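The next block is final-v2.cif, given as mmCIF, C-alpha atoms.
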```cif
data_structure
#
loop_
_atom_site.label_atom_id
_atom_site.label_comp_id
_atom_site.auth_asym_id
_atom_site.auth_seq_id
_atom_site.Cartn_x
_atom_site.Cartn_y
_atom_site.Cartn_z
CA LEU A 125 19.76 56.25 1.82
CA GLN A 126 22.99 54.37 2.54
CA GLY A 127 21.53 51.21 0.93
CA LEU A 128 20.50 53.21 -2.12
CA ARG A 129 24.01 54.65 -2.45
CA ASP A 130 25.52 51.15 -2.21
CA ARG A 131 23.21 49.86 -4.93
CA MET A 132 24.03 52.82 -7.22
CA ASN A 133 27.78 52.34 -6.65
CA SER A 134 27.57 48.62 -7.41
CA LEU A 135 25.52 49.36 -10.55
CA SER A 136 28.10 51.93 -11.71
CA LEU A 137 30.92 49.46 -11.08
CA PHE A 138 29.07 46.76 -13.06
CA ASN A 139 28.51 49.12 -16.00
CA LEU A 140 32.17 50.12 -15.93
CA GLN A 141 33.29 46.46 -15.94
CA GLU A 142 30.85 45.64 -18.76
CA SER A 143 32.14 48.61 -20.79
CA GLU A 144 35.74 47.49 -20.31
CA SER A 145 34.80 43.92 -21.30
CA GLU A 146 33.09 45.18 -24.48
CA ASN A 147 36.14 47.29 -25.33
CA LYS A 148 38.40 44.27 -24.90
CA LEU A 149 36.07 42.16 -27.06
CA ASP A 150 36.02 44.85 -29.76
CA ALA A 151 39.83 45.01 -29.67
CA GLU A 152 40.12 41.22 -29.95
CA THR A 153 37.60 41.17 -32.79
CA ALA A 154 39.50 43.89 -34.61
CA SER A 155 42.74 41.99 -34.05
CA ASP A 156 41.19 38.78 -35.41
CA SER A 157 39.78 40.66 -38.38
CA GLU A 158 43.19 42.22 -39.06
CA SER A 159 44.83 38.81 -38.77
CA LYS A 160 42.32 37.29 -41.16
CA SER A 161 42.92 40.07 -43.64
CA GLU A 162 46.67 39.50 -43.29
CA PHE A 163 46.32 35.76 -43.76
CA GLY A 164 43.64 35.50 -46.41
CA GLY A 165 42.89 38.91 -47.83
CA SER A 166 46.15 39.46 -49.62
CA ALA A 167 46.59 40.56 -53.18
CA PRO A 168 46.61 37.75 -55.70
CA VAL A 169 49.94 36.45 -56.82
CA PRO A 170 50.22 37.34 -60.51
CA THR A 171 50.70 34.67 -63.13
CA SER A 172 51.84 35.15 -66.72
CA ASP A 173 51.48 33.26 -69.96
CA ASP A 174 54.63 31.22 -70.46
CA THR A 175 53.51 29.48 -73.65
CA PRO A 176 56.51 29.16 -76.00
CA GLU A 177 56.51 31.76 -78.77
CA VAL A 178 56.66 29.01 -81.40
CA LEU A 179 53.34 27.58 -80.20
CA ASN A 180 51.81 31.04 -79.87
CA ARG A 181 52.56 31.80 -83.52
CA ALA A 182 51.46 28.35 -84.77
CA LEU A 183 48.16 28.48 -82.87
CA SER A 184 47.41 32.18 -83.23
CA ASN A 185 44.37 31.58 -85.50
CA LEU A 186 42.62 29.29 -83.01
CA SER A 187 40.18 30.29 -80.28
CA SER A 188 41.53 30.36 -76.72
CA ARG A 189 39.68 27.10 -75.94
CA TRP A 190 41.28 25.14 -78.77
CA LYS A 191 44.61 26.87 -78.30
CA ASN A 192 44.67 25.66 -74.70
CA TRP A 193 43.72 22.16 -75.92
CA TRP A 194 46.68 21.98 -78.29
CA VAL A 195 49.17 23.49 -75.84
CA ARG A 196 48.15 21.06 -73.10
CA GLY A 197 48.16 18.15 -75.55
CA ILE A 198 51.62 18.84 -77.00
CA LEU A 199 53.24 19.39 -73.62
CA THR A 200 51.47 16.35 -72.17
CA LEU A 201 53.05 14.19 -74.90
CA ALA A 202 56.41 15.79 -74.11
CA MET A 203 56.04 14.96 -70.40
CA ILE A 204 54.98 11.37 -71.14
CA THR A 205 58.04 10.96 -73.38
CA PHE A 206 60.26 12.28 -70.58
CA PHE A 207 58.57 9.82 -68.19
CA PHE A 208 59.45 6.89 -70.49
CA ILE A 209 63.05 8.09 -70.73
CA ILE A 210 63.60 8.24 -66.96
CA ILE A 211 62.00 4.78 -66.57
CA TYR A 212 64.47 3.45 -69.13
CA LEU A 213 67.38 5.03 -67.20
CA GLY A 214 66.60 2.93 -64.13
CA PRO A 215 65.73 3.16 -60.42
CA MET A 216 68.53 5.51 -59.37
CA VAL A 217 67.48 8.15 -61.91
CA LEU A 218 63.85 7.72 -60.85
CA MET A 219 64.79 8.37 -57.21
CA THR A 220 66.75 11.46 -58.22
CA ILE A 221 63.78 12.77 -60.23
CA VAL A 222 61.45 12.16 -57.26
CA MET A 223 63.83 14.17 -55.07
CA CYS A 224 63.96 17.02 -57.61
CA VAL A 225 60.16 17.07 -57.96
CA GLN A 226 59.82 17.16 -54.18
CA ILE A 227 62.14 20.16 -53.87
CA LYS A 228 60.34 22.02 -56.68
CA CYS A 229 56.89 21.39 -55.17
CA PHE A 230 58.13 22.60 -51.78
CA HIS A 231 59.62 25.69 -53.43
CA GLU A 232 56.34 26.52 -55.20
CA ILE A 233 54.25 26.31 -52.01
CA ILE A 234 56.74 28.22 -49.86
CA THR A 235 57.10 30.88 -52.56
CA ILE A 236 53.34 31.52 -52.44
CA GLY A 237 53.66 32.20 -48.71
CA TYR A 238 56.66 34.44 -49.25
CA ASN A 239 55.00 36.43 -52.05
CA VAL A 240 51.89 36.99 -49.95
CA TYR A 241 53.63 37.89 -46.69
CA HIS A 242 57.00 39.33 -47.71
CA SER A 243 55.78 42.86 -46.95
CA TYR A 244 55.52 41.94 -43.25
CA ASP A 245 59.29 41.41 -43.05
CA LEU A 246 59.06 38.06 -41.22
CA PRO A 247 62.61 37.23 -40.08
CA TRP A 248 64.20 33.97 -41.24
CA PHE A 249 60.98 32.65 -42.82
CA ARG A 250 62.54 31.32 -46.04
CA THR A 251 65.78 30.27 -44.33
CA LEU A 252 63.97 28.24 -41.68
CA SER A 253 61.62 26.70 -44.26
CA TRP A 254 64.53 25.33 -46.30
CA TYR A 255 66.36 24.29 -43.14
CA PHE A 256 63.38 22.21 -42.01
CA LEU A 257 63.21 20.66 -45.51
CA LEU A 258 66.87 19.64 -45.14
CA CYS A 259 66.24 18.15 -41.68
CA VAL A 260 63.21 16.11 -42.74
CA ASN A 261 64.96 14.82 -45.87
CA TYR A 262 68.01 13.84 -43.81
CA PHE A 263 65.76 11.84 -41.49
CA PHE A 264 63.73 10.06 -44.18
CA TYR A 265 66.58 9.33 -46.60
CA GLY A 266 68.78 8.21 -43.72
CA GLU A 267 66.11 5.67 -42.76
CA THR A 268 65.90 4.50 -46.37
CA VAL A 269 69.67 4.09 -46.69
CA THR A 270 69.77 2.08 -43.46
CA ASP A 271 66.95 -0.22 -44.63
CA TYR A 272 67.99 -0.86 -48.23
CA PHE A 273 71.77 -0.38 -48.14
CA PHE A 274 72.36 -2.17 -44.85
CA THR A 275 75.42 -4.16 -45.92
CA LEU A 276 77.07 -1.12 -47.47
CA VAL A 277 76.42 0.91 -44.32
CA GLN A 278 77.95 -1.79 -42.11
CA ARG A 279 81.00 -1.96 -44.37
CA GLU A 280 81.92 1.72 -44.01
CA GLU A 281 82.81 2.98 -40.53
CA PRO A 282 81.53 6.60 -40.94
CA LEU A 283 78.23 5.35 -42.37
CA ARG A 284 77.87 2.85 -39.53
CA ILE A 285 78.28 5.60 -36.93
CA LEU A 286 75.80 7.88 -38.72
CA SER A 287 73.34 4.98 -39.01
CA LYS A 288 73.63 4.08 -35.32
CA TYR A 289 72.92 7.63 -34.12
CA HIS A 290 70.76 8.66 -37.06
CA ARG A 291 67.58 9.46 -35.16
CA PHE A 292 69.40 11.37 -32.45
CA ILE A 293 71.22 13.48 -35.07
CA SER A 294 67.92 14.10 -36.89
CA PHE A 295 66.23 15.21 -33.67
CA ALA A 296 69.16 17.49 -32.79
CA LEU A 297 68.96 19.12 -36.23
CA TYR A 298 65.22 19.69 -35.91
CA LEU A 299 65.60 21.03 -32.37
CA THR A 300 68.13 23.57 -33.64
CA GLY A 301 65.61 24.84 -36.19
CA PHE A 302 62.89 24.94 -33.52
CA CYS A 303 65.05 27.09 -31.25
CA MET A 304 65.93 29.37 -34.18
CA PHE A 305 62.22 29.87 -34.84
CA VAL A 306 61.53 30.79 -31.20
CA LEU A 307 64.41 33.28 -31.23
CA SER A 308 63.06 34.85 -34.45
CA LEU A 309 59.65 35.71 -32.96
CA VAL A 310 58.77 39.41 -33.24
CA LYS A 311 56.18 40.95 -30.92
CA LYS A 312 54.01 42.53 -33.61
CA HIS A 313 53.92 39.39 -35.78
CA TYR A 314 53.48 36.52 -33.27
CA ARG A 315 50.28 35.14 -34.77
CA LEU A 316 51.44 35.44 -38.38
CA GLN A 317 54.77 33.76 -37.59
CA PHE A 318 53.00 30.80 -36.03
CA TYR A 319 50.73 30.63 -39.10
CA MET A 320 53.83 30.37 -41.27
CA PHE A 321 55.43 27.81 -38.94
CA GLY A 322 52.34 25.65 -39.43
CA TRP A 323 52.42 26.40 -43.18
CA THR A 324 55.95 25.02 -43.44
CA HIS A 325 55.21 21.88 -41.45
CA VAL A 326 52.02 21.05 -43.35
CA THR A 327 53.96 21.51 -46.60
CA LEU A 328 56.62 19.11 -45.32
CA LEU A 329 53.90 16.59 -44.39
CA ILE A 330 52.24 16.79 -47.81
CA VAL A 331 55.35 16.91 -50.00
CA VAL A 332 58.33 15.29 -48.27
CA THR A 333 56.57 12.47 -46.42
CA GLN A 334 54.67 11.32 -49.48
CA SER A 335 57.65 11.56 -51.83
CA HIS A 336 59.44 9.31 -49.35
CA LEU A 337 56.56 6.82 -49.70
CA ILE A 338 56.95 6.96 -53.50
CA ILE A 339 60.56 5.78 -53.14
CA HIS A 340 59.46 2.97 -50.81
CA ASN A 341 56.91 1.88 -53.42
CA LEU A 342 59.68 1.88 -56.02
CA PHE A 343 61.78 -0.52 -53.95
CA GLU A 344 58.86 -2.98 -53.90
CA GLY A 345 59.14 -3.22 -57.69
CA MET A 346 59.00 -0.65 -60.46
CA ILE A 347 55.51 -1.85 -61.37
CA TRP A 348 54.25 -0.45 -58.04
CA PHE A 349 55.73 2.89 -59.06
CA ILE A 350 54.80 3.02 -62.74
CA VAL A 351 51.22 1.66 -62.71
CA PRO A 352 49.82 4.02 -60.02
CA ILE A 353 51.50 7.09 -61.55
CA SER A 354 50.33 6.07 -65.04
CA CYS A 355 46.76 5.56 -63.79
CA VAL A 356 46.68 9.09 -62.36
CA ILE A 357 48.09 10.48 -65.61
CA CYS A 358 45.55 8.50 -67.67
CA ASN A 359 42.65 9.64 -65.50
CA ASP A 360 43.78 13.26 -65.76
CA ILE A 361 44.00 13.05 -69.56
CA MET A 362 40.79 11.09 -70.13
CA ALA A 363 38.74 13.17 -67.69
CA TYR A 364 39.93 16.29 -69.52
CA MET A 365 39.05 14.81 -72.93
CA PHE A 366 35.62 13.52 -71.90
CA GLY A 367 34.91 16.84 -70.19
CA PHE A 368 36.17 18.86 -73.16
CA PHE A 369 33.97 17.08 -75.71
CA PHE A 370 30.97 15.89 -73.66
CA GLY A 371 31.07 17.91 -70.43
CA ARG A 372 27.80 19.61 -69.52
CA THR A 373 27.21 19.02 -65.79
CA PRO A 374 29.51 20.80 -63.28
CA LEU A 375 31.09 18.44 -60.76
CA ILE A 376 32.33 20.63 -57.90
CA LYS A 377 32.40 24.37 -57.25
CA LEU A 378 36.09 24.33 -56.33
CA SER A 379 36.93 23.37 -59.93
CA PRO A 380 34.27 24.85 -62.24
CA LYS A 381 35.78 23.22 -65.35
CA LYS A 382 35.43 19.70 -63.90
CA THR A 383 32.29 17.87 -65.06
CA TRP A 384 30.47 14.67 -64.16
CA GLU A 385 30.89 13.45 -67.74
CA GLY A 386 34.66 13.83 -67.47
CA PHE A 387 34.74 12.25 -63.99
CA ILE A 388 32.75 9.16 -65.04
CA GLY A 389 34.44 8.78 -68.43
CA GLY A 390 37.87 9.10 -66.80
CA PHE A 391 36.96 6.34 -64.32
CA PHE A 392 36.06 3.70 -66.91
CA ALA A 393 38.98 4.63 -69.17
CA THR A 394 41.44 4.44 -66.26
CA VAL A 395 40.24 1.02 -65.08
CA LEU A 396 40.60 -0.38 -68.61
CA PHE A 397 44.01 1.26 -69.02
CA GLY A 398 45.18 -0.16 -65.67
CA LEU A 399 44.21 -3.69 -66.66
CA LEU A 400 46.03 -3.47 -70.00
CA LEU A 401 49.17 -1.83 -68.61
CA SER A 402 49.36 -4.34 -65.74
CA TYR A 403 49.05 -7.26 -68.18
CA VAL A 404 51.93 -5.96 -70.28
CA MET A 405 54.25 -5.09 -67.37
CA SER A 406 53.59 -8.26 -65.34
CA GLY A 407 55.44 -10.30 -67.94
CA TYR A 408 58.79 -8.50 -67.44
CA ARG A 409 61.03 -9.20 -64.44
CA CYS A 410 62.63 -5.77 -64.66
CA PHE A 411 59.28 -4.30 -63.60
CA THR A 412 58.01 -6.94 -61.16
CA CYS A 413 61.14 -7.77 -59.13
CA PRO A 414 61.95 -5.71 -56.01
CA VAL A 415 64.71 -3.17 -56.47
CA GLU A 416 67.67 -4.41 -54.41
CA PHE A 417 71.22 -3.19 -53.92
CA ASN A 418 73.92 -5.65 -55.05
CA ASN A 419 76.91 -5.38 -52.73
CA ASP A 420 79.25 -7.16 -55.18
CA THR A 421 78.65 -4.77 -58.06
CA ASN A 422 77.62 -1.75 -55.91
CA SER A 423 74.57 -1.23 -58.13
CA PHE A 424 70.82 -1.86 -58.17
CA THR A 425 69.48 -5.17 -59.47
CA VAL A 426 65.94 -6.15 -60.46
CA ASP A 427 66.36 -9.86 -61.14
CA CYS A 428 64.38 -12.54 -59.28
CA GLU A 429 61.92 -15.38 -59.66
CA PRO A 430 58.50 -13.77 -60.19
CA SER A 431 56.14 -14.21 -57.27
CA GLU A 432 52.68 -15.74 -57.67
CA LEU A 433 51.39 -12.21 -58.06
CA PHE A 434 53.03 -12.06 -61.49
CA GLN A 435 52.28 -15.57 -62.80
CA LEU A 436 49.34 -16.23 -65.13
CA GLN A 437 46.44 -18.00 -63.46
CA GLU A 438 43.03 -19.16 -64.64
CA TYR A 439 39.93 -17.56 -63.13
CA ASN A 440 36.28 -18.58 -63.51
CA ILE A 441 34.05 -15.87 -64.96
CA PRO A 442 30.82 -15.26 -62.99
CA LEU A 443 27.76 -16.92 -64.56
CA VAL A 444 26.09 -13.55 -65.10
CA LEU A 445 28.93 -12.42 -67.38
CA GLN A 446 29.51 -15.73 -69.17
CA SER A 447 26.52 -15.20 -71.44
CA VAL A 448 27.79 -11.70 -72.31
CA VAL A 449 31.46 -12.43 -73.05
CA GLY A 450 31.01 -16.06 -74.17
CA TRP A 451 33.90 -17.36 -71.99
CA LYS A 452 33.83 -19.55 -68.92
CA THR A 453 37.39 -18.84 -67.73
CA VAL A 454 40.00 -16.17 -68.28
CA ARG A 455 43.78 -16.24 -67.82
CA MET A 456 45.21 -13.18 -66.15
CA TYR A 457 47.84 -12.08 -63.66
CA PRO A 458 46.73 -11.69 -60.02
CA PHE A 459 48.33 -8.24 -60.09
CA GLN A 460 45.67 -7.17 -62.60
CA ILE A 461 43.04 -7.64 -59.88
CA HIS A 462 45.06 -5.34 -57.63
CA SER A 463 45.36 -2.88 -60.52
CA ILE A 464 41.57 -2.48 -60.46
CA ALA A 465 41.84 -1.22 -56.87
CA LEU A 466 44.69 1.10 -57.84
CA SER A 467 42.95 2.54 -60.89
CA THR A 468 39.66 2.92 -59.00
CA PHE A 469 41.39 4.94 -56.31
CA ALA A 470 43.25 6.98 -58.94
CA SER A 471 40.01 7.94 -60.70
CA LEU A 472 37.53 8.28 -57.81
CA ILE A 473 39.58 9.45 -54.81
CA GLY A 474 42.75 10.75 -56.46
CA PRO A 475 41.00 13.80 -57.98
CA PHE A 476 40.20 15.02 -54.48
CA GLY A 477 43.90 15.82 -54.18
CA GLY A 478 43.36 18.14 -57.12
CA PHE A 479 40.22 19.61 -55.54
CA PHE A 480 42.19 20.23 -52.34
CA ALA A 481 44.84 22.06 -54.36
CA SER A 482 42.11 24.07 -56.14
CA GLY A 483 40.70 25.17 -52.80
CA PHE A 484 44.18 26.18 -51.67
CA LYS A 485 44.75 28.26 -54.80
CA ARG A 486 41.34 29.91 -54.50
CA ALA A 487 42.12 30.85 -50.90
CA PHE A 488 45.10 32.87 -52.14
CA LYS A 489 43.53 34.06 -55.41
CA ILE A 490 46.04 32.39 -57.71
CA LYS A 491 45.42 30.35 -60.86
CA ASP A 492 48.40 27.98 -60.65
CA PHE A 493 51.19 27.19 -58.20
CA ALA A 494 53.74 28.41 -60.76
CA ASN A 495 54.30 28.80 -64.52
CA THR A 496 56.85 26.00 -64.90
CA ILE A 497 54.89 24.06 -67.55
CA PRO A 498 52.93 26.16 -70.09
CA GLY A 499 49.26 25.20 -70.15
CA HIS A 500 49.65 23.08 -67.02
CA GLY A 501 50.92 25.46 -64.33
CA GLY A 502 53.56 24.41 -61.83
CA ILE A 503 55.00 21.04 -60.91
CA MET A 504 52.67 20.92 -57.90
CA ASP A 505 49.69 21.36 -60.24
CA ARG A 506 50.69 18.09 -61.95
CA PHE A 507 51.52 16.18 -58.77
CA ASP A 508 48.65 17.19 -56.47
CA CYS A 509 46.93 13.84 -57.09
CA GLN A 510 50.15 11.81 -57.25
CA TYR A 511 51.03 12.41 -53.61
CA LEU A 512 47.66 11.15 -52.39
CA MET A 513 48.03 8.14 -54.68
CA ALA A 514 51.51 7.36 -53.31
CA THR A 515 50.17 7.16 -49.76
CA PHE A 516 47.37 4.82 -50.81
CA VAL A 517 49.78 2.50 -52.68
CA ASN A 518 52.12 2.33 -49.69
CA VAL A 519 49.25 1.51 -47.32
CA TYR A 520 47.85 -1.01 -49.83
CA ILE A 521 51.19 -2.84 -50.14
CA ALA A 522 51.66 -2.95 -46.36
CA SER A 523 48.09 -4.20 -45.81
CA PHE A 524 47.57 -6.72 -48.63
CA ILE A 525 50.88 -7.52 -50.35
CA ARG A 526 54.04 -7.31 -48.27
CA GLY A 527 55.07 -10.20 -46.02
CA PRO A 528 58.13 -10.77 -43.83
CA ASN A 529 61.41 -9.93 -45.59
CA PRO A 530 63.99 -12.75 -45.07
CA SER A 531 66.92 -10.71 -46.38
CA LYS A 532 66.35 -7.96 -43.80
CA LEU A 533 66.09 -10.53 -41.02
CA ILE A 534 69.39 -12.10 -42.09
CA GLN A 535 71.05 -8.66 -42.25
CA GLN A 536 69.94 -7.89 -38.70
CA PHE A 537 70.95 -11.36 -37.56
CA LEU A 538 74.51 -10.88 -38.84
CA THR A 539 74.95 -7.68 -36.81
CA LEU A 540 74.28 -9.45 -33.50
CA ARG A 541 76.97 -10.67 -31.12
CA PRO A 542 78.12 -14.32 -31.59
CA ASP A 543 76.37 -15.49 -28.40
CA GLN A 544 73.11 -13.87 -29.56
CA GLN A 545 73.44 -15.49 -32.98
CA LEU A 546 74.05 -18.89 -31.35
CA HIS A 547 70.98 -18.47 -29.12
CA ILE A 548 68.78 -17.68 -32.13
CA PHE A 549 70.27 -20.60 -34.06
CA ASN A 550 69.49 -23.07 -31.24
CA THR A 551 65.98 -21.69 -30.83
CA LEU A 552 65.30 -21.96 -34.56
CA LYS A 553 66.77 -25.46 -34.68
CA ALA A 554 64.54 -26.65 -31.81
CA HIS A 555 61.51 -25.11 -33.52
CA LEU A 556 62.26 -26.89 -36.83
CA VAL A 557 62.85 -30.21 -35.06
CA ASP A 558 59.50 -29.92 -33.27
CA LYS A 559 57.81 -29.34 -36.63
CA GLY A 560 59.60 -32.31 -38.16
CA MET A 561 61.22 -30.17 -40.84
CA LEU A 562 64.83 -30.45 -39.80
CA GLY A 563 64.90 -34.26 -39.98
CA SER A 564 63.54 -34.26 -43.53
CA LEU A 565 66.12 -31.65 -44.52
CA GLU A 566 68.95 -33.76 -43.05
CA ASP A 567 67.70 -36.86 -44.91
CA ALA A 568 67.65 -34.85 -48.12
#
```
Represent the structure of the file as structure tokens.
Amino acid sequence: LQGLRDRMNSLSLFNLQESESENKLDAETASDSESKSEFGGSAPVPTSDDTPEVLNRALSNLSSRWKNWWVRGILTLAMITFFFIIIYLGPMVLMTIVMCVQIKCFHEIITIGYNVYHSYDLPWFRTLSWYFLLCVNYFFYGETVTDYFFTLVQREEPLRILSKYHRFISFALYLTGFCMFVLSLVKKHYRLQFYMFGWTHVTLLIVVTQSHLIIHNLFEGMIWFIVPISCVICNDIMAYMFGFFFGRTPLIKLSPKKTWEGFIGGFFATVLFGLLLSYVMSGYRCFTCPVEFNNDTNSFTVDCEPSELFQLQEYNIPLVLQSVVGWKTVRMYPFQIHSIALSTFASLIGPFGGFFASGFKRAFKIKDFANTIPGHGGIMDRFDCQYLMATFVNVYIASFIRGPNPSKLIQQFLTLRPDQQLHIFNTLKAHLVDKGMLGSLEDA
């Protein structure tokens, strides 16, 4: 009897523990479900038609399909004209525009988060988001100033101090924001606040980091800035046109309006456009020379002897193609070969930046990031592919184009102590003598 009682007691205890475990699991499941509904089941952010009244009246007799065609076409021409104007105004204006575009894209993404979650009264969400944007920009632009304005920085005492302790100051600024976030945590919103903390940092990674890479590409030569951006623009336009007139086969569910006909037509058109644009631009030093800061005039200069990359060379045409084109050789710039890689990426991989953005918008039930540009959406809607392209160009230059930079080595050499400079001089002299180069230089 005692053994039977013990078994019944242990069975009752097991059932009680199992019941408590199920209750905990149900509570956790409900909490997860509530969190998911908070994070992804929100009401869609409304968008409105911002088409100018003049265009609405002029195109009122057209169907919505053709009206959208004309609105997009007219405003695309306006944006291309603006792009030509800022190129004409020079590198400094281009950098300013990149900075403005970066801030606007960040604002559009953060605003989506705020519109969706503002009812939860998350403390300091917008303030901390903009503070982290300031910190990250201070870090990246401080690094750029130190690299490309080295002589100017060394000439001014305050700038030299800021440059010397730049990374420590940047870390201290970020750490302040981190502590502010921890202090802002509210018990009932822990999970949602960490979601938004991740939201802000991913936005910084996508927007700020890649806009910084765009500026680095610009310093390599304006051609490395203009050609990739133009290829993305061309692919966007040509894919839309081919899809509009010939599109029949859907490409991807994330973007129902994208078609295989537009994707393939955009690819061939972009490669051809890249070759032609590269040929034209490679003949002008203002596009091919690296952008450098002139300490004498305190301004940017783009004057140099063109590298081999921008000098016409003769190439043999493969035997298979000789019978088709009727030529045995062709004269072209080596950069045109690189432009094929750039335009191929812009047309085949670049659109996935747009698909990523489409998935993001679908997750939050919105049509566009904003209504900044009628017929096009927000600034982020136009630059979703550009940021992916900027990263590729920067990696491509570092992997296949850029070599050691003598001017940077000399700048660093001049900041060393005299005894260190003398040691490097003697080491370099011994190396040149061993190679037999110093004797020939002395004879000359």
| said: Give me, as a ChimeraX atom specification, all polymer residues having an atom no more than 12 Å from range 229-231 of chain A, counting all atoms listed in the file and skipping those fewer than 2 positions away in the same chain. | reply: /A:222-227,233-239,250-251,253-254,256-258,261,323-335,493-494,496,501-508,510-511
| query | Hey, can you check how far CA of Phe295 in chain A sits from CA of Met219 in chain A? | reply |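 Spanning CA of Phe295 in chain A to CA of Met219 in chain A is a straight-line distance of 24.6 Å.
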| query | Quick one: which residues end up in the PyMOL selection byres ((chain A and resi 400-404) around 7) for this structure, as an MDAnalysis selection string? | reply | chainID A and resid 351 396:399 405:407 457 459:460 463
| query | What do you get, as number ranges by chain, if you spell out every residue that the PyMOL selection byres ((chain A and resi 298) around 12) selects here? | reply | A: 252-263, 291-297, 299-305, 325
| task | Might you pull out every residue within 10 Å of Leu466 in chain A, with all atoms listed in the file counted and same-chain residues fewer than 6 positions away left off, and present them as a PyMOL selection string? | result | chain A and resi 348+351-353+355-356+394-395+398+460+474+513+516-517+520
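Remark: for His462 in chain A, the closest of the candidate residues A:Ile441, A:Pro247, A:Gln317, A:Ile347 is A:Ile347 (distances computed over only C-alpha atoms).
Going from CA of Ile210 in chain A over to CA of Ser523 in chain A, you cover 29.0 Å.
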| query | By how many Å are CA of Asn495 in chain A and CA of Lys382 in chain A apart? | reply | 21.0 Å
With only C-alpha atoms counted and 12 Å as the cut-off, give the residues of range 255-374 of chain A in contact with range 535-539 of chain A, each with its shortest interatomic distance in Å and the pair that gives it, as a tab-separated table.
```
residue	atom	partner	partner_atom	distance
A:Thr270	CA	A:Gln535	CA	10.9
A:Asp271	CA	A:Gln535	CA	9.7
A:Tyr272	CA	A:Gln535	CA	10.3
A:Phe273	CA	A:Gln535	CA	10.2
A:Phe274	CA	A:Gln535	CA	7.1
A:Thr275	CA	A:Gln535	CA	7.3
A:Leu276	CA	A:Gln535	CA	11.0
A:Val277	CA	A:Gln535	CA	11.2
A:Gln278	CA	A:Thr539	CA	8.5
A:Arg279	CA	A:Thr539	CA	11.2
A:Arg284	CA	A:Thr539	CA	11.3
A:Lys288	CA	A:Thr539	CA	11.9
```
| query | Pick the closest to Phe476 in chain A from A:Leu342, A:Phe434, A:Ile461, A:Asp360: which is it, counting all atoms listed in the file? | reply |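 Counting all atoms listed in the file, the residue closest to Phe476 in chain A is A:Asp360.
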| field | Proximity to Pro458 in chain A - best of A:Cys413, A:Ala202, A:Leu433, A:Leu307, all atoms listed in the file | value |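 The shortest atom-to-atom distance to Pro458 in chain A comes from A:Leu433.
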| field | Nearest to Ile376 in chain A, chosen from A:Phe469, A:Phe484, A:Trp451, A:Phe479, with all atoms listed in the file counted in the distances | value |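 Smallest separation from Ile376 in chain A among the options: A:Phe479.
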| request: Identify which of the residues A:Gln437, A:Asn341, A:Thr453, A:Gln446 lies closest to Thr412 in chain A, counting only C-alpha atoms when measuring atom-to-atom distances. | output: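 Checking each of A:Gln437, A:Asn341, A:Thr453, A:Gln446 against Thr412 in chain A, counting only C-alpha atoms, the winner is A:Asn341.
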